[in-house]
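Student: Attaching a single structure in structure tokens format; questions to follow.
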Amino acid sequence: MKVFWVPKLPVSNLLEEGREIVNLILLGPPGAGKGTQAEKIASFFSLTHISTGELFRQEVSKKTSLGMQAKGFMDRGELVPDEIVLAMIQSVISESQNGFLLDGFPRNVEQAKALGTMLGSQNLRIDHVLSLEVPEDVIVERMVSRGRSDDHPDTIKNRLSVYREQTQPVKEFYAEQGLVHEVNGSQKVDTVFDSICQLLPKGGVQ
Ligand code: ADP
């Protein structure tokens, strides 16, 4: 049986009348604070948080064959090939019982199209795309101080150019469908979260 999306707090402004499951995408450059906001959003709205980067890091630390395949690409700041990412996403989404929040996926237009097909076949869809906007100088500063293993200067530079070339068009792809909401990600963590809560429009996507 499907467990429907039950908000912990009244968030009737998030959904169109009669829709019980909400699926969100959080977009933004590396270092924009997606992980932090994703956790807050997922917990507040009772969504399954799906972070492809986090899933890959877990696979790498467990030294699974998926992890071994992904590691080289991650260390170089490149995208892991689509077929690997899509297989992983397919299994997580089909297990997800409530609405979900995608963080770090889709990262190129091919992934976005494949996601659409995958969801369509399960009678699901994306309701809103939140785009965290942070200037590049702020991003670089944040990543350097975070110090994750793929956060050294050459990799950061590569990840930013991959973002500009491959992920930025994903925002345009969803903007054409009227799904994108821009959020100023340079503000304090709680202020960013408040802006997100206010942005999700009354009555769903118009
Ligand atoms: P960030 O957003 O800070 O770059 P993530 O944790 O989202 O970090 O991703 C880390 C790395 O994992 C990426 O640089 C990439 O190699 C890989 N990765 C994550 N998600 C995807 C995806 N959707 N497609 C391809 N590679 C991905």
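Lettering and numbering for the structure tokens are positional, with chains as A, B, ... in the shown order, residues counted from 1 in each chain, and ligands counted from 1 in the shown order.
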Could you list, as a PyMOL selection string, all residues that come within 9 Å of ligand 1? Count only C-alpha atoms and all ligand atoms.

Tutor: chain A and resi 27-35+51-57+70-82+84-86+89+103-108+111+143+148+150-151+155-156+158-160+162-163

Student: Once you have the residues from the selection above, write them out as a CSV table (one decimal), in the first residue's frame, restricted to C-alpha atoms.

Tutor:
```csv
chain,number,residue,atom,x,y,z
A,27,LEU,CA,19.4,22.4,-7.9
A,28,GLY,CA,22.5,24.5,-7.3
A,29,PRO,CA,26.3,24.6,-7.9
A,30,PRO,CA,28.6,22.4,-5.7
A,31,GLY,CA,29.1,24.2,-2.4
A,32,ALA,CA,25.8,26.0,-2.6
A,33,GLY,CA,24.5,24.4,0.5
A,34,LYS,CA,22.2,21.8,-1.1
A,35,GLY,CA,23.0,19.1,1.4
A,51,SER,CA,21.5,12.7,-2.5
A,52,THR,CA,23.3,11.0,-5.4
A,53,GLY,CA,26.7,12.4,-4.2
A,54,GLU,CA,26.0,10.9,-0.7
A,55,LEU,CA,24.9,7.6,-2.1
A,56,PHE,CA,28.1,7.4,-4.2
A,57,ARG,CA,30.3,8.3,-1.2
A,70,ALA,CA,32.3,5.9,-9.5
A,71,LYS,CA,35.4,6.9,-7.5
A,72,GLY,CA,37.7,7.9,-10.3
A,73,PHE,CA,35.1,10.2,-11.8
A,74,MET,CA,34.3,11.8,-8.4
A,75,ASP,CA,38.0,12.3,-7.6
A,76,ARG,CA,38.5,14.1,-10.9
A,77,GLY,CA,35.3,16.2,-10.4
A,78,GLU,CA,33.7,14.6,-13.5
A,79,LEU,CA,30.2,13.3,-13.7
A,80,VAL,CA,29.7,9.6,-13.1
A,81,PRO,CA,28.4,8.1,-16.4
A,82,ASP,CA,24.6,8.3,-16.8
A,84,ILE,CA,25.5,4.1,-13.5
A,85,VAL,CA,23.6,7.1,-11.9
A,86,LEU,CA,20.3,6.2,-13.5
A,89,ILE,CA,18.3,6.4,-8.9
A,103,ASP,CA,19.7,16.6,-4.3
A,104,GLY,CA,22.5,16.4,-6.9
A,105,PHE,CA,20.3,14.8,-9.5
A,106,PRO,CA,19.6,15.4,-12.4
A,107,ARG,CA,22.9,16.9,-13.3
A,108,ASN,CA,22.5,17.0,-17.1
A,111,GLN,CA,19.4,12.6,-16.7
A,143,MET,CA,34.3,24.5,-0.5
A,148,ARG,CA,36.0,17.1,1.6
A,150,ASP,CA,37.1,16.1,-3.7
A,151,ASP,CA,37.3,19.7,-2.5
A,155,THR,CA,38.7,19.4,-8.7
A,156,ILE,CA,36.6,22.4,-7.5
A,158,ASN,CA,36.5,21.2,-12.8
A,159,ARG,CA,33.2,20.7,-10.9
A,160,LEU,CA,32.3,24.3,-11.4
A,162,VAL,CA,31.0,20.8,-15.3
A,163,TYR,CA,28.2,22.6,-13.5
```

Student: Output as a tab-separated table one row per residue of stretch 55-164 of chain A within 10 Å of stretch 172-178 of chain A: the closest atom pair and its distance in Å to one decimal place, counting only C-alpha atoms, sorted by chain and residue number ascending.

Tutor:
```
residue	atom	partner	partner_atom	distance
A:Asn108	CA	A:Phe173	CA	9.7
A:Val109	CA	A:Phe173	CA	7.1
A:Ala112	CA	A:Phe173	CA	8.2
A:Lys113	CA	A:Phe173	CA	9.2
A:Ile126	CA	A:Tyr174	CA	9.5
A:Asp127	CA	A:Gly178	CA	9.9
A:His128	CA	A:Gly178	CA	8.7
A:Val129	CA	A:Tyr174	CA	7.3
```

Student: Taking 5 positions as the minimum chain separation for residues in the same chain, which residues sit within 10 Å of stretch 193-200 of chain A when counting only C-alpha atoms? Answer as a ChimeraX atom specification.

Tutor: /A:11,13-15,36-38,40-41,44-45,127-132,181-185,187-188,205

Student: Okay, now the selection with N, CA and C atoms, as a PDB file, in the first residue's frame?

Tutor:
```pdb
ATOM      1  N   VAL A  11       1.096  22.603   5.602  1.00  0.00           N
ATOM      2  CA  VAL A  11       1.795  23.230   4.489  1.00  0.00           C
ATOM      3  C   VAL A  11       0.899  23.149   3.259  1.00  0.00           C
ATOM      4  N   ASN A  13      -0.100  25.219   1.396  1.00  0.00           N
ATOM      5  CA  ASN A  13       0.281  26.049   0.255  1.00  0.00           C
ATOM      6  C   ASN A  13       1.198  25.301  -0.711  1.00  0.00           C
ATOM      7  N   LEU A  14       1.724  24.158  -0.281  1.00  0.00           N
ATOM      8  CA  LEU A  14       2.698  23.449  -1.106  1.00  0.00           C
ATOM      9  C   LEU A  14       2.061  22.682  -2.260  1.00  0.00           C
ATOM     10  N   LEU A  15       0.847  22.272  -2.058  1.00  0.00           N
ATOM     11  CA  LEU A  15       0.257  21.321  -3.000  1.00  0.00           C
ATOM     12  C   LEU A  15      -0.980  21.834  -3.691  1.00  0.00           C
ATOM     13  N   THR A  36      22.723  20.755   3.176  1.00  0.00           N
ATOM     14  CA  THR A  36      22.178  21.333   4.408  1.00  0.00           C
ATOM     15  C   THR A  36      20.700  21.647   4.252  1.00  0.00           C
ATOM     16  N   GLN A  37      20.352  22.326   3.158  1.00  0.00           N
ATOM     17  CA  GLN A  37      18.954  22.699   2.955  1.00  0.00           C
ATOM     18  C   GLN A  37      18.109  21.451   2.702  1.00  0.00           C
ATOM     19  N   ALA A  38      18.678  20.493   1.957  1.00  0.00           N
ATOM     20  CA  ALA A  38      17.920  19.288   1.627  1.00  0.00           C
ATOM     21  C   ALA A  38      17.491  18.567   2.900  1.00  0.00           C
ATOM     22  N   LYS A  40      16.981  19.850   5.856  1.00  0.00           N
ATOM     23  CA  LYS A  40      15.939  20.622   6.550  1.00  0.00           C
ATOM     24  C   LYS A  40      14.587  20.478   5.835  1.00  0.00           C
ATOM     25  N   ILE A  41      14.619  20.587   4.513  1.00  0.00           N
ATOM     26  CA  ILE A  41      13.368  20.499   3.742  1.00  0.00           C
ATOM     27  C   ILE A  41      12.754  19.111   3.907  1.00  0.00           C
ATOM     28  N   PHE A  44      11.272  18.675   7.406  1.00  0.00           N
ATOM     29  CA  PHE A  44      10.090  19.522   7.628  1.00  0.00           C
ATOM     30  C   PHE A  44       8.872  19.012   6.860  1.00  0.00           C
ATOM     31  N   PHE A  45       9.085  18.617   5.606  1.00  0.00           N
ATOM     32  CA  PHE A  45       7.953  18.200   4.772  1.00  0.00           C
ATOM     33  C   PHE A  45       7.798  16.677   4.696  1.00  0.00           C
ATOM     34  N   ASP A 127       7.126  18.253  -8.960  1.00  0.00           N
ATOM     35  CA  ASP A 127       6.210  19.359  -8.697  1.00  0.00           C
ATOM     36  C   ASP A 127       6.907  20.715  -8.691  1.00  0.00           C
ATOM     37  N   HIS A 128       8.091  20.767  -8.068  1.00  0.00           N
ATOM     38  CA  HIS A 128       8.812  22.037  -7.972  1.00  0.00           C
ATOM     39  C   HIS A 128      10.305  21.795  -8.074  1.00  0.00           C
ATOM     40  N   VAL A 129      11.003  22.769  -8.663  1.00  0.00           N
ATOM     41  CA  VAL A 129      12.469  22.735  -8.712  1.00  0.00           C
ATOM     42  C   VAL A 129      12.970  23.989  -7.999  1.00  0.00           C
ATOM     43  N   LEU A 130      13.735  23.782  -6.937  1.00  0.00           N
ATOM     44  CA  LEU A 130      14.275  24.912  -6.180  1.00  0.00           C
ATOM     45  C   LEU A 130      15.714  25.115  -6.622  1.00  0.00           C
ATOM     46  N   SER A 131      16.040  26.321  -7.069  1.00  0.00           N
ATOM     47  CA  SER A 131      17.392  26.568  -7.552  1.00  0.00           C
ATOM     48  C   SER A 131      18.123  27.501  -6.596  1.00  0.00           C
ATOM     49  N   LEU A 132      19.133  26.955  -5.906  1.00  0.00           N
ATOM     50  CA  LEU A 132      19.912  27.761  -4.956  1.00  0.00           C
ATOM     51  C   LEU A 132      20.929  28.583  -5.724  1.00  0.00           C
ATOM     52  N   HIS A 181      11.935  27.731  -9.052  1.00  0.00           N
ATOM     53  CA  HIS A 181      11.892  28.849  -8.110  1.00  0.00           C
ATOM     54  C   HIS A 181      13.333  29.152  -7.712  1.00  0.00           C
ATOM     55  N   GLU A 182      13.760  30.393  -7.885  1.00  0.00           N
ATOM     56  CA  GLU A 182      15.135  30.750  -7.492  1.00  0.00           C
ATOM     57  C   GLU A 182      15.170  31.170  -6.033  1.00  0.00           C
ATOM     58  N   VAL A 183      16.217  30.729  -5.339  1.00  0.00           N
ATOM     59  CA  VAL A 183      16.374  31.061  -3.923  1.00  0.00           C
ATOM     60  C   VAL A 183      17.768  31.651  -3.741  1.00  0.00           C
ATOM     61  N   ASN A 184      17.856  32.750  -3.007  1.00  0.00           N
ATOM     62  CA  ASN A 184      19.168  33.341  -2.725  1.00  0.00           C
ATOM     63  C   ASN A 184      19.887  32.495  -1.673  1.00  0.00           C
ATOM     64  N   GLY A 185      20.900  31.742  -2.125  1.00  0.00           N
ATOM     65  CA  GLY A 185      21.601  30.815  -1.240  1.00  0.00           C
ATOM     66  C   GLY A 185      22.757  31.450  -0.489  1.00  0.00           C
ATOM     67  N   GLN A 187      22.417  33.718   1.797  1.00  0.00           N
ATOM     68  CA  GLN A 187      21.964  34.155   3.117  1.00  0.00           C
ATOM     69  C   GLN A 187      22.298  33.092   4.177  1.00  0.00           C
ATOM     70  N   LYS A 188      21.988  33.421   5.444  1.00  0.00           N
ATOM     71  CA  LYS A 188      22.207  32.447   6.523  1.00  0.00           C
ATOM     72  C   LYS A 188      21.347  31.207   6.284  1.00  0.00           C
ATOM     73  N   VAL A 205       1.884  24.518  -8.750  1.00  0.00           N
ATOM     74  CA  VAL A 205       2.394  25.160  -9.950  1.00  0.00           C
ATOM     75  C   VAL A 205       1.225  25.682 -10.779  1.00  0.00           C
TER      76      VAL A 205
END
```

Student: Using only C-alpha atoms, which protein or nucleic acid residues come within 12 Å of A:Leu119? Drop anything in the same chain fewer than 3 positions from it, and give the result as number ranges by chain.

Tutor: A: 23, 89-90, 93-94, 96, 99-100, 112-116, 122-127

Student: Kindly give the distance, in Å, that separates atom CA of A:Pro169 and atom CA of A:Gln69, rounded to a single decimal.

Tutor: 25.9 Å

Student: Taking the chain letters and numbering used in this document, name the residues of stretch 10-87 of chain A that DSSP puts in helix (DSSP H, G or I), as a ChimeraX atom specification.

Tutor: /A:12-14,34-44,52-61,65-76,82-87

Student: For the residues in the current selection, export C-alpha atoms as a PDB file, in the first residue's frame.

Tutor:
```
ATOM      1  CA  SER A  12      -1.339  23.379   2.410  1.00  0.00           C
ATOM      2  CA  ASN A  13       0.281  26.049   0.255  1.00  0.00           C
ATOM      3  CA  LEU A  14       2.698  23.449  -1.106  1.00  0.00           C
ATOM      4  CA  LYS A  34      22.200  21.841  -1.114  1.00  0.00           C
ATOM      5  CA  GLY A  35      22.961  19.104   1.408  1.00  0.00           C
ATOM      6  CA  THR A  36      22.178  21.333   4.408  1.00  0.00           C
ATOM      7  CA  GLN A  37      18.954  22.699   2.955  1.00  0.00           C
ATOM      8  CA  ALA A  38      17.920  19.288   1.627  1.00  0.00           C
ATOM      9  CA  GLU A  39      18.041  17.806   5.115  1.00  0.00           C
ATOM     10  CA  LYS A  40      15.939  20.622   6.550  1.00  0.00           C
ATOM     11  CA  ILE A  41      13.368  20.499   3.742  1.00  0.00           C
ATOM     12  CA  ALA A  42      13.105  16.710   3.816  1.00  0.00           C
ATOM     13  CA  SER A  43      12.581  16.612   7.544  1.00  0.00           C
ATOM     14  CA  PHE A  44      10.090  19.522   7.628  1.00  0.00           C
ATOM     15  CA  THR A  52      23.315  10.956  -5.391  1.00  0.00           C
ATOM     16  CA  GLY A  53      26.668  12.357  -4.155  1.00  0.00           C
ATOM     17  CA  GLU A  54      26.027  10.926  -0.675  1.00  0.00           C
ATOM     18  CA  LEU A  55      24.907   7.576  -2.107  1.00  0.00           C
ATOM     19  CA  PHE A  56      28.100   7.399  -4.166  1.00  0.00           C
ATOM     20  CA  ARG A  57      30.264   8.325  -1.165  1.00  0.00           C
ATOM     21  CA  GLN A  58      28.652   5.495   0.830  1.00  0.00           C
ATOM     22  CA  GLU A  59      29.333   3.055  -2.003  1.00  0.00           C
ATOM     23  CA  VAL A  60      32.955   4.242  -2.191  1.00  0.00           C
ATOM     24  CA  SER A  61      33.487   3.819   1.541  1.00  0.00           C
ATOM     25  CA  SER A  65      31.740  -2.395  -7.320  1.00  0.00           C
ATOM     26  CA  LEU A  66      29.406   0.580  -7.894  1.00  0.00           C
ATOM     27  CA  GLY A  67      31.634   2.657  -5.604  1.00  0.00           C
ATOM     28  CA  MET A  68      34.790   1.509  -7.380  1.00  0.00           C
ATOM     29  CA  GLN A  69      33.279   2.466 -10.736  1.00  0.00           C
ATOM     30  CA  ALA A  70      32.265   5.919  -9.479  1.00  0.00           C
ATOM     31  CA  LYS A  71      35.385   6.852  -7.501  1.00  0.00           C
ATOM     32  CA  GLY A  72      37.685   7.909 -10.334  1.00  0.00           C
ATOM     33  CA  PHE A  73      35.079  10.229 -11.829  1.00  0.00           C
ATOM     34  CA  MET A  74      34.344  11.784  -8.438  1.00  0.00           C
ATOM     35  CA  ASP A  75      38.037  12.333  -7.635  1.00  0.00           C
ATOM     36  CA  ARG A  76      38.494  14.144 -10.941  1.00  0.00           C
ATOM     37  CA  ASP A  82      24.602   8.350 -16.760  1.00  0.00           C
ATOM     38  CA  GLU A  83      23.923   4.600 -16.918  1.00  0.00           C
ATOM     39  CA  ILE A  84      25.467   4.114 -13.458  1.00  0.00           C
ATOM     40  CA  VAL A  85      23.600   7.075 -11.921  1.00  0.00           C
ATOM     41  CA  LEU A  86      20.280   6.163 -13.532  1.00  0.00           C
ATOM     42  CA  ALA A  87      20.380   2.549 -12.375  1.00  0.00           C
TER      43      ALA A  87
END
```

Student: Which residue gives the smallest distance to A:Ser161 among A:Thr48, A:Ser186, A:Glu136, A:Val192, with only C-alpha atoms counted?

Tutor: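 Of A:Thr48, A:Ser186, A:Glu136, A:Val192, the one nearest A:Ser161 is A:Glu136, counting only C-alpha atoms.
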